[in-house]
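Shown here: data-v8.cif, mmCIF, C-alpha atoms.
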data_entry
loop_
_atom_site.label_atom_id
_atom_site.label_comp_id
_atom_site.auth_asym_id
_atom_site.auth_seq_id
_atom_site.Cartn_x
_atom_site.Cartn_y
_atom_site.Cartn_z
CA MET A 1 60.79 107.64 100.33
CA THR A 2 64.20 106.29 99.48
CA VAL A 3 67.63 107.83 99.65
CA PRO A 4 68.13 109.80 96.41
CA LEU A 5 70.77 109.01 93.81
CA ALA A 6 72.71 112.22 94.45
CA SER A 7 73.59 111.15 98.02
CA TYR A 8 75.23 107.94 96.82
CA LEU A 9 77.07 109.86 94.11
CA LEU A 10 78.27 112.36 96.72
CA VAL A 11 79.64 109.62 98.98
CA ALA A 12 81.41 108.08 95.98
CA LEU A 13 82.80 111.48 94.99
CA ILE A 14 84.20 112.12 98.48
CA LEU A 15 85.79 108.65 98.51
CA PHE A 16 87.32 109.26 95.06
CA CYS A 17 88.75 112.63 96.14
CA ILE A 18 90.29 111.13 99.30
CA GLY A 19 91.80 108.33 97.23
CA LEU A 20 93.14 110.78 94.64
CA TYR A 21 94.74 112.95 97.33
CA GLY A 22 96.33 109.90 98.94
CA ALA A 23 97.64 108.57 95.63
CA LEU A 24 99.18 111.97 94.81
CA THR A 25 100.78 112.80 98.15
CA LYS A 26 101.73 109.57 99.94
CA ARG A 27 105.26 108.24 99.54
CA ASN A 28 104.70 104.67 100.72
CA ALA A 29 103.93 102.42 97.75
CA VAL A 30 101.52 100.23 99.74
CA ILE A 31 99.47 103.27 100.74
CA VAL A 32 99.42 104.50 97.14
CA MET A 33 97.98 101.12 96.11
CA LEU A 34 95.38 101.31 98.90
CA SER A 35 94.36 104.76 97.65
CA MET A 36 93.89 103.32 94.17
CA GLU A 37 91.64 100.64 95.66
CA LEU A 38 89.62 103.40 97.31
CA MET A 39 89.13 105.10 93.94
CA LEU A 40 88.04 101.81 92.35
CA ASN A 41 85.54 101.36 95.16
CA ALA A 42 84.09 104.81 94.50
CA VAL A 43 83.58 103.81 90.87
CA ASN A 44 81.86 100.60 91.99
CA ILE A 45 79.46 102.53 94.22
CA ASN A 46 78.58 104.71 91.23
CA LEU A 47 77.98 101.65 89.04
CA VAL A 48 75.68 99.97 91.55
CA ALA A 49 73.84 103.23 92.27
CA PHE A 50 73.18 103.79 88.57
CA ALA A 51 72.08 100.16 88.25
CA LYS A 52 69.22 101.04 90.60
CA PHE A 53 68.48 104.69 89.78
CA GLY A 54 69.75 105.14 86.22
CA ALA A 55 67.77 106.00 83.11
CA PHE A 56 67.58 102.34 82.04
CA ALA A 57 67.79 100.69 85.43
CA ASN A 58 68.75 97.03 85.19
CA LEU A 59 71.27 94.53 86.51
CA THR A 60 74.04 95.40 84.03
CA GLY A 61 75.64 97.87 86.42
CA GLN A 62 75.95 95.24 89.11
CA ILE A 63 77.57 92.79 86.69
CA PHE A 64 79.97 95.50 85.54
CA SER A 65 80.91 96.22 89.14
CA LEU A 66 81.61 92.49 89.66
CA PHE A 67 84.02 92.60 86.72
CA SER A 68 85.70 95.68 88.10
CA ILE A 69 86.12 94.01 91.53
CA THR A 70 87.83 91.07 89.79
CA LEU A 71 90.07 93.49 87.92
CA ALA A 72 91.02 95.21 91.18
CA ALA A 73 91.99 91.89 92.76
CA ALA A 74 94.24 91.04 89.80
CA GLU A 75 95.77 94.52 89.94
CA VAL A 76 96.59 94.19 93.63
CA ALA A 77 98.24 90.79 93.12
CA VAL A 78 100.49 92.02 90.30
CA GLY A 79 101.20 95.31 92.08
CA LEU A 80 102.31 93.58 95.27
CA ALA A 81 104.50 91.20 93.27
CA ILE A 82 106.21 94.18 91.61
CA LEU A 83 106.56 95.86 95.02
CA ILE A 84 108.18 92.80 96.60
CA SER A 85 110.63 92.23 93.75
CA LEU A 86 111.50 95.94 93.79
CA TYR A 87 112.04 95.80 97.55
CA ARG A 88 114.33 92.81 97.10
CA ASN A 89 116.49 94.74 94.63
CA ARG A 90 116.41 98.29 95.98
CA ARG A 91 115.52 97.87 99.70
CA THR A 92 112.90 100.59 99.58
CA VAL A 93 109.14 101.01 99.34
CA ASN A 94 109.33 104.74 98.76
CA VAL A 95 107.83 105.87 95.47
CA ASP A 96 110.29 108.79 95.35
CA GLU A 97 113.21 106.39 95.14
CA MET A 98 111.68 104.20 92.43
CA ASP A 99 113.34 106.12 89.60
CA LEU A 100 115.36 103.45 87.79
CA LEU A 101 113.92 104.45 84.42
CA LYS A 102 114.64 108.16 84.95
CA ARG A 103 118.38 107.82 85.42
CA MET B 1 63.45 110.67 108.97
CA SER B 2 63.00 107.04 108.00
CA GLY B 3 65.21 104.15 109.02
CA GLN B 4 66.71 104.01 105.55
CA PHE B 5 68.13 107.51 105.90
CA VAL B 6 69.58 106.68 109.30
CA ALA B 7 71.23 103.54 107.92
CA PHE B 8 72.58 105.45 104.92
CA PHE B 9 73.94 108.21 107.16
CA ILE B 10 75.72 105.78 109.49
CA LEU B 11 77.15 103.68 106.63
CA SER B 12 78.41 106.65 104.65
CA LEU B 13 79.88 108.18 107.80
CA LEU B 14 81.77 104.93 108.50
CA THR B 15 82.92 104.74 104.87
CA ILE B 16 84.25 108.29 104.71
CA GLY B 17 85.61 108.10 108.25
CA GLY B 18 87.60 104.98 107.42
CA ALA B 19 89.00 106.65 104.31
CA VAL B 20 89.97 109.80 106.24
CA PHE B 21 91.65 107.70 108.94
CA MET B 22 93.49 105.83 106.17
CA ILE B 23 94.93 109.12 104.97
CA SER B 24 95.73 110.60 108.36
CA LEU B 25 97.03 107.70 110.50
CA GLN B 26 100.78 107.24 110.76
CA LYS B 27 101.39 103.49 111.05
CA VAL B 28 100.88 101.46 107.89
CA VAL B 29 99.06 98.54 109.57
CA HIS B 30 96.59 100.95 111.19
CA GLN B 31 95.92 102.49 107.80
CA VAL B 32 95.07 99.11 106.28
CA VAL B 33 92.71 98.25 109.16
CA ALA B 34 90.95 101.63 108.79
CA LEU B 35 90.49 100.93 105.10
CA ALA B 36 89.06 97.48 105.87
CA PHE B 37 86.33 99.22 107.92
CA SER B 38 85.65 101.44 104.93
CA PHE B 39 85.33 98.40 102.63
CA LEU B 40 82.88 96.71 105.01
CA SER B 41 80.63 99.76 105.17
CA ILE B 42 80.68 100.02 101.39
CA ALA B 43 79.27 96.47 101.40
CA GLY B 44 76.47 97.83 103.61
CA LEU B 45 75.80 100.56 101.05
CA TYR B 46 75.49 97.85 98.37
CA VAL B 47 72.89 96.06 100.49
CA MET B 48 70.94 99.33 100.69
CA LEU B 49 71.08 99.52 96.88
CA GLU B 50 69.60 95.99 96.69
CA ALA B 51 72.81 94.49 95.29
CA GLU B 52 73.26 91.63 97.75
CA PHE B 53 75.57 89.55 95.57
CA VAL B 54 77.90 92.50 94.97
CA ALA B 55 77.89 93.17 98.71
CA VAL B 56 78.95 89.59 99.52
CA THR B 57 81.62 89.75 96.82
CA GLN B 58 82.84 93.02 98.29
CA VAL B 59 83.22 91.45 101.73
CA LEU B 60 84.97 88.39 100.30
CA VAL B 61 87.33 90.11 97.88
CA TYR B 62 88.01 93.52 99.41
CA ALA B 63 87.57 93.15 103.15
CA GLY B 64 88.85 89.58 103.06
CA SER B 65 91.57 89.02 100.52
CA ILE B 66 92.81 92.45 99.46
CA SER B 67 93.26 93.67 103.05
CA ILE B 68 95.10 90.47 104.00
CA LEU B 69 97.22 90.69 100.84
CA MET B 70 98.15 94.27 101.72
CA LEU B 71 99.07 93.18 105.26
CA PHE B 72 101.32 90.50 103.75
CA GLY B 73 102.92 93.14 101.55
CA ILE B 74 103.56 95.29 104.61
CA MET B 75 105.00 92.43 106.65
CA LEU B 76 107.35 91.37 103.83
CA THR B 77 108.81 94.86 103.40
CA ARG B 78 110.27 97.26 105.92
CA HIS B 79 108.61 100.57 106.65
CA ASP B 80 110.40 103.46 108.26
CA ALA B 81 108.61 106.36 109.84
CA GLN B 82 107.37 108.84 107.30
CA ASP B 83 109.35 112.04 106.98
CA ASP B 84 107.37 114.53 105.01
CA GLU B 85 109.55 117.62 105.27
CA GLY B 86 109.88 119.80 102.23
CA ARG B 87 106.76 118.46 100.57
CA GLY B 88 104.27 121.00 101.93
CA LYS B 89 104.14 122.91 98.67
CA PHE B 90 103.43 119.79 96.63
CA LYS B 91 100.80 118.65 99.12
CA PHE B 92 99.08 122.03 98.91
CA LEU B 93 99.12 121.85 95.11
CA ALA B 94 97.64 118.34 95.17
CA PHE B 95 94.97 119.51 97.63
CA VAL B 96 94.02 122.41 95.35
CA VAL B 97 93.76 120.12 92.32
CA VAL B 98 91.61 117.60 94.22
CA ALA B 99 89.38 120.36 95.63
CA ALA B 100 88.85 121.81 92.15
CA PHE B 101 87.94 118.35 90.86
CA PHE B 102 85.52 117.91 93.77
CA VAL B 103 83.77 121.23 93.11
CA LEU B 104 83.44 120.52 89.37
CA VAL B 105 81.95 117.05 89.81
CA PHE B 106 79.75 118.25 92.68
CA MET B 107 78.24 120.90 90.42
CA GLY B 108 77.72 118.21 87.79
CA ILE B 109 75.88 116.01 90.31
CA GLN B 110 73.69 118.90 91.42
CA THR B 111 72.61 119.82 87.90
CA MET B 112 72.15 116.20 86.80
CA ASN B 113 68.62 115.25 85.89
CA ILE B 114 67.87 111.60 85.22
CA GLU B 115 64.58 110.53 83.71
CA GLY B 116 63.23 107.09 84.42
CA THR B 117 61.92 105.09 87.31
CA PRO B 118 64.19 103.39 89.86
CA ALA B 119 64.45 99.65 89.42
CA ASN B 120 62.89 97.44 92.03
CA PHE B 121 65.22 94.50 92.52
CA SER B 122 63.67 93.36 95.79
CA GLN B 123 61.01 91.21 94.11
CA GLN B 124 63.49 89.02 92.27
CA ASN B 125 66.23 86.69 93.38
CA ASN B 126 69.35 88.79 92.92
CA VAL B 127 71.87 85.93 92.65
CA LEU B 128 69.66 83.99 90.22
CA GLU B 129 69.19 86.96 87.90
CA ILE B 130 72.90 87.84 87.94
CA GLY B 131 73.79 84.23 87.18
CA LYS B 132 71.38 84.09 84.26
CA LEU B 133 72.76 87.31 82.76
CA MET B 134 76.38 86.38 83.45
CA PHE B 135 76.16 83.04 81.67
CA SER B 136 74.07 84.15 78.71
CA GLN B 137 74.60 87.75 77.68
CA TYR B 138 77.95 88.36 79.37
CA VAL B 139 79.57 84.97 78.93
CA ILE B 140 82.41 86.25 76.73
CA PRO B 141 83.52 88.98 79.19
CA PHE B 142 83.27 86.33 81.91
CA GLU B 143 85.62 83.99 80.05
CA ILE B 144 88.02 86.83 79.21
CA MET B 145 88.03 87.73 82.90
CA SER B 146 89.03 84.18 83.83
CA VAL B 147 91.91 84.35 81.33
CA LEU B 148 92.93 87.68 82.90
CA LEU B 149 92.96 86.13 86.37
CA LEU B 150 95.16 83.30 85.09
CA VAL B 151 97.56 85.79 83.51
CA ALA B 152 97.68 87.82 86.72
CA LEU B 153 98.35 84.65 88.75
CA ILE B 154 101.26 83.56 86.54
CA GLY B 155 102.58 87.10 86.26
CA ALA B 156 102.55 87.62 90.02
CA ILE B 157 104.40 84.34 90.61
CA ILE B 158 107.06 85.14 88.00
CA LEU B 159 107.55 88.71 89.21
CA ALA B 160 107.83 87.82 92.89
CA LYS B 161 109.98 84.73 92.35
CA ARG B 162 113.55 85.00 93.56
CA GLU B 163 115.95 85.06 90.68
CA ALA B 164 118.21 82.05 90.27
CA ASP B 165 121.57 83.72 90.78
CA ASP B 166 120.97 85.64 94.05
CA LYS B 167 120.58 82.74 96.45
#

Would you mind writing the structure in this file as structure tokens?
Amino acid sequence: MTVPLASYLLVALILFCIGLYGALTKRNAVIVMLSMELMLNAVNINLVAFAKFGAFANLTGQIFSLFSITLAAAEVAVGLAILISLYRNRRTVNVDEMDLLKR
Amino acid sequence: MSGQFVAFFILSLLTIGGAVFMISLQKVVHQVVALAFSFLSIAGLYVMLEAEFVAVTQVLVYAGSISILMLFGIMLTRHDAQDDEGRGKFKFLAFVVVAAFFVLVFMGIQTMNIEGTPANFSQQNNVLEIGKLMFSQYVIPFEIMSVLLLVALIGAIILAKREADDK
């Protein structure tokens, strides 16, 4: 008897909802990026779970999750570079005050 | 109650607990450390799903480099204490939206019915099989991903570089 697929999906869903709430409500840009990482992780859990329990269970889901981990690393690097250059110019990490394009 | 259920329960509790602490703690460094715990337990969940290579990659990339990169980002910028007055209405709205999303997807998970037998990866060498697939069937996405990493590297350097006139 193994742990069913729905339990993994439920854990991933809870993680995604926490990440979505954090990305919508937090004002610190670093925390918003961390919340996005949390959402990407929830997606990865789903991919790996379906690689084991899906209708055509094979290794493709694991390979796809490897690609998505790589993508997340690239995203964090570019995001932090944008954050640091923005901090250098505006002296803030608050997402509310990052409104140069709205003015 | 088999050992697998106990392991799953503990790992998922650590994962969700780390995420909840990430949302609720006040200091930014504490939030990153809580999230690192969450990343490590997600690696444990991957081991339970017989994806050992993905688990090791998760520890290396997420718990190792992304957490450290975030800590660098925090150290290089200044963080004042959060003042969240006057945002209660927006927070409530966001909570309602997220709760509605949760209920919808939860109902979808409950009514989902997947035919087919679970794969048994434990008989084969996980790293060997992933390597074979990665360098035969998925070699073009692999190469595109390396180009993407190069672009991200150069882009991050150019974006974070100090401009010439503000010495």

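Distance check against chain B using only C-alpha atoms: of A:Leu100, A:Val32, A:Leu40, A:Ile63, the minimum falls on A:Ile63.
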
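Across the model, the gap from atom CA of B:His79 to atom CA of A:Arg91 is 10.2 Å.
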
**OP:** Evaluate the PyMOL selection byres ((chain B) within 7 of (chain A)) on the structure here and hand back the selected residues as a PyMOL selection string.
**Re:** chain B and resi 4-5+12+16+19+23+49+51+54+66+73+77+91+94-95+98+102+109+114-116+118-119+130+149+152+155-156+159-160

**OP:** Please measure the separation of atom CA of B:Met134 and atom CA of B:Met48, giving the value in Å to one decimal.
**Re:** 22.2 Å

Original post:
Do you have the atom CA of B:Ile42-atom CA of B:Met70 distance handy?
Top reply: 18.4 Å

**OP:** Can you work out which one of B:Ile10, B:Val61, B:Val28, B:Met22 has the shortest atom-to-atom distance to B:Met75, counting all atoms listed in the file?
**Re:**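 Comparing B:Ile10, B:Val61, B:Val28, B:Met22 against B:Met75, the winner is B:Val28.
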